[in-house]
Amino acid sequence: MGLFDLTDTVVQRGLQGASLRQQVLANNLANANTAGFKRSDVDFQSALASALDSGDAGQALAQVSFAPQTDNTTAMTADGNNVDTDNEMSNLTQNAIQYETLAAVEQERMGMLKSAMGGS
């Protein structure tokens with residue numbers, strides 16, 4: 001068994017997914033007034049859950065990738081844009097909380113490791 005376990009990998013991949021999602025959601029807001037722009041989102045939680053449900057979660061997590069998906073299902077304005085700024089702000093806030101929570105978990109785990117190695 002290595003120094004880092006499956007939980008560390010999940011947290012690290014979760015941080016990567018949340019970071020990408022934050023960028024995509026910010027891009028949606030930046031293009032809220034761009035005619036014809038279609039919003040995108042990143043469903044990193046489902047990708048992580050699928051990897052964890054696979055037979056070899058460690059290998060699956062190493063290979064999981066996150067990619068923005070264009071949303072063509074939501075209502076559009078007359079100019080073809082489908083960005084709802086209130087919804088995007090809500091998604092940004094939710095995602096930021098998830099990121100901060102994952103970062104806090106990682107910080108605590110590293111603190112425990114440091115303590116186990118005799119650090120203060």
# chains A, B, ... in the order shown; residues from 1 in each chain; ligands from 1
$ select_by_dssp --residues "region 34-103 of chain A" --states "alpha helix (DSSP H)" --output "ChimeraX atom specification"
/A:44-53,57-63,85-103
$ atom_distance --atom1 "CA of Val24 (chain A)" --atom2 "CA of Arg39 (chain A)"
8.5 Å
$ closest_residue --among "A:Asn31, A:Ser115, A:Gln16, A:Thr9" --to "Asn81 (chain A)" --atoms "only C-alpha atoms"
A:Asn31
$ atom_distance --atom1 "CA of Arg13 (chain A)" --atom2 "CA of Asn91 (chain A)"
19.2 Å
$ atom_distance --atom1 "CA of Gln45 (chain A)" --atom2 "CA of Tyr99 (chain A)"
11.8 Å
$ residues_around --residues "region 73-80 of chain A" --least-positions-apart "5" --cutoff "10 Å" --atoms "only C-alpha atoms" --output "tab-separated table (two decimals) with all heavy atoms, in the first residue's frame"
chain	number	residue	atom	x	y	z
A	33	ASN	N	-24.15	37.81	-22.88
A	33	ASN	CA	-24.73	38.74	-23.86
A	33	ASN	C	-24.22	38.50	-25.28
A	33	ASN	O	-24.38	39.35	-26.14
A	33	ASN	CB	-24.46	40.18	-23.45
A	33	ASN	CG	-25.16	40.53	-22.16
A	33	ASN	OD1	-26.31	40.15	-21.95
A	33	ASN	ND2	-24.49	41.25	-21.28
A	34	THR	N	-23.60	37.36	-25.51
A	34	THR	CA	-23.08	37.02	-26.83
A	34	THR	C	-24.16	36.29	-27.62
A	34	THR	O	-24.62	35.21	-27.21
A	34	THR	CB	-21.82	36.13	-26.71
A	34	THR	OG1	-20.85	36.81	-25.93
A	34	THR	CG2	-21.26	35.80	-28.08
A	35	ALA	N	-24.56	36.88	-28.72
A	35	ALA	CA	-25.61	36.27	-29.55
A	35	ALA	C	-25.18	34.87	-30.01
A	35	ALA	O	-24.05	34.67	-30.44
A	35	ALA	CB	-25.89	37.15	-30.75
A	36	GLY	N	-26.10	33.91	-29.88
A	36	GLY	CA	-25.85	32.56	-30.35
A	36	GLY	C	-25.00	31.69	-29.43
A	36	GLY	O	-24.79	30.52	-29.73
A	37	PHE	N	-24.53	32.24	-28.31
A	37	PHE	CA	-23.69	31.46	-27.40
A	37	PHE	C	-24.53	30.41	-26.68
A	37	PHE	O	-25.63	30.69	-26.21
A	37	PHE	CB	-23.00	32.36	-26.37
A	37	PHE	CG	-22.12	31.62	-25.41
A	37	PHE	CD1	-20.83	31.28	-25.78
A	37	PHE	CD2	-22.58	31.25	-24.16
A	37	PHE	CE1	-20.00	30.58	-24.89
A	37	PHE	CE2	-21.76	30.56	-23.27
A	37	PHE	CZ	-20.48	30.22	-23.65
A	38	LYS	N	-24.01	29.20	-26.59
A	38	LYS	CA	-24.67	28.11	-25.87
A	38	LYS	C	-23.85	27.80	-24.62
A	38	LYS	O	-22.65	27.59	-24.70
A	38	LYS	CB	-24.76	26.84	-26.73
A	38	LYS	CG	-25.44	27.04	-28.06
A	38	LYS	CD	-26.90	27.33	-27.89
A	38	LYS	CE	-27.62	27.39	-29.22
A	38	LYS	NZ	-27.81	28.74	-29.73
A	39	ARG	N	-24.51	27.76	-23.49
A	39	ARG	CA	-23.83	27.49	-22.23
A	39	ARG	C	-23.29	26.06	-22.21
A	39	ARG	O	-23.78	25.19	-22.91
A	39	ARG	CB	-24.76	27.73	-21.03
A	39	ARG	CG	-25.86	26.69	-20.88
A	39	ARG	CD	-26.70	26.87	-19.61
A	39	ARG	NE	-25.90	26.77	-18.41
A	39	ARG	CZ	-25.55	25.61	-17.84
A	39	ARG	NH1	-25.91	24.47	-18.37
A	39	ARG	NH2	-24.82	25.62	-16.74
$ residues_around --residues "Ala96 (chain A)" --least-positions-apart "4" --cutoff "8 Å" --atoms "only C-alpha atoms" --output "number ranges by chain"
A: 18, 22, 92, 100
$ closest_residue --among "A:Ala32, A:Met110, A:Leu25, A:Leu102" --to "Val11 (chain A)" --atoms "only C-alpha atoms"
A:Leu102
$ residues_around --residues "Glu88 (chain A)" --least-positions-apart "6" --cutoff "9 Å" --atoms "only C-alpha atoms" --output "PyMOL selection string"
chain A and resi 25-26+28-29
$ write_last_selection --atoms "N, CA and C atoms" --output "mmCIF file, in the first residue's frame"
data_model
loop_
_atom_site.group_PDB
_atom_site.id
_atom_site.type_symbol
_atom_site.label_atom_id
_atom_site.label_comp_id
_atom_site.auth_asym_id
_atom_site.auth_seq_id
_atom_site.Cartn_x
_atom_site.Cartn_y
_atom_site.Cartn_z
ATOM 1 N N LEU A 25 -18.176 27.639 -16.077
ATOM 2 C CA LEU A 25 -19.289 28.466 -15.619
ATOM 3 C C LEU A 25 -18.957 29.957 -15.727
ATOM 4 N N ALA A 26 -17.719 30.324 -15.430
ATOM 5 C CA ALA A 26 -17.300 31.726 -15.575
ATOM 6 C C ALA A 26 -17.347 32.140 -17.046
ATOM 7 N N ASN A 28 -19.419 30.945 -19.239
ATOM 8 C CA ASN A 28 -20.834 31.136 -19.552
ATOM 9 C C ASN A 28 -21.272 32.549 -19.188
ATOM 10 N N LEU A 29 -20.893 32.981 -17.983
ATOM 11 C CA LEU A 29 -21.275 34.330 -17.551
ATOM 12 C C LEU A 29 -20.630 35.408 -18.429
#
$ residues_around --residues "Ala57 (chain A)" --least-positions-apart "3" --cutoff "12 Å" --atoms "only C-alpha atoms" --output "list in words"
Asp5, Leu6, Thr7, Thr9, Val10, Ala47, Leu48, Ala49, Ser50, Ala51, Leu52, Asp53, Ser54, Ala60, Leu61, Ala62, Gln63 and Val64 of chain A
$ select_by_dssp --residues "chain A" --states "strand (DSSP E)" --output "NGL selection string"
:A and (40-41 or 69-70)
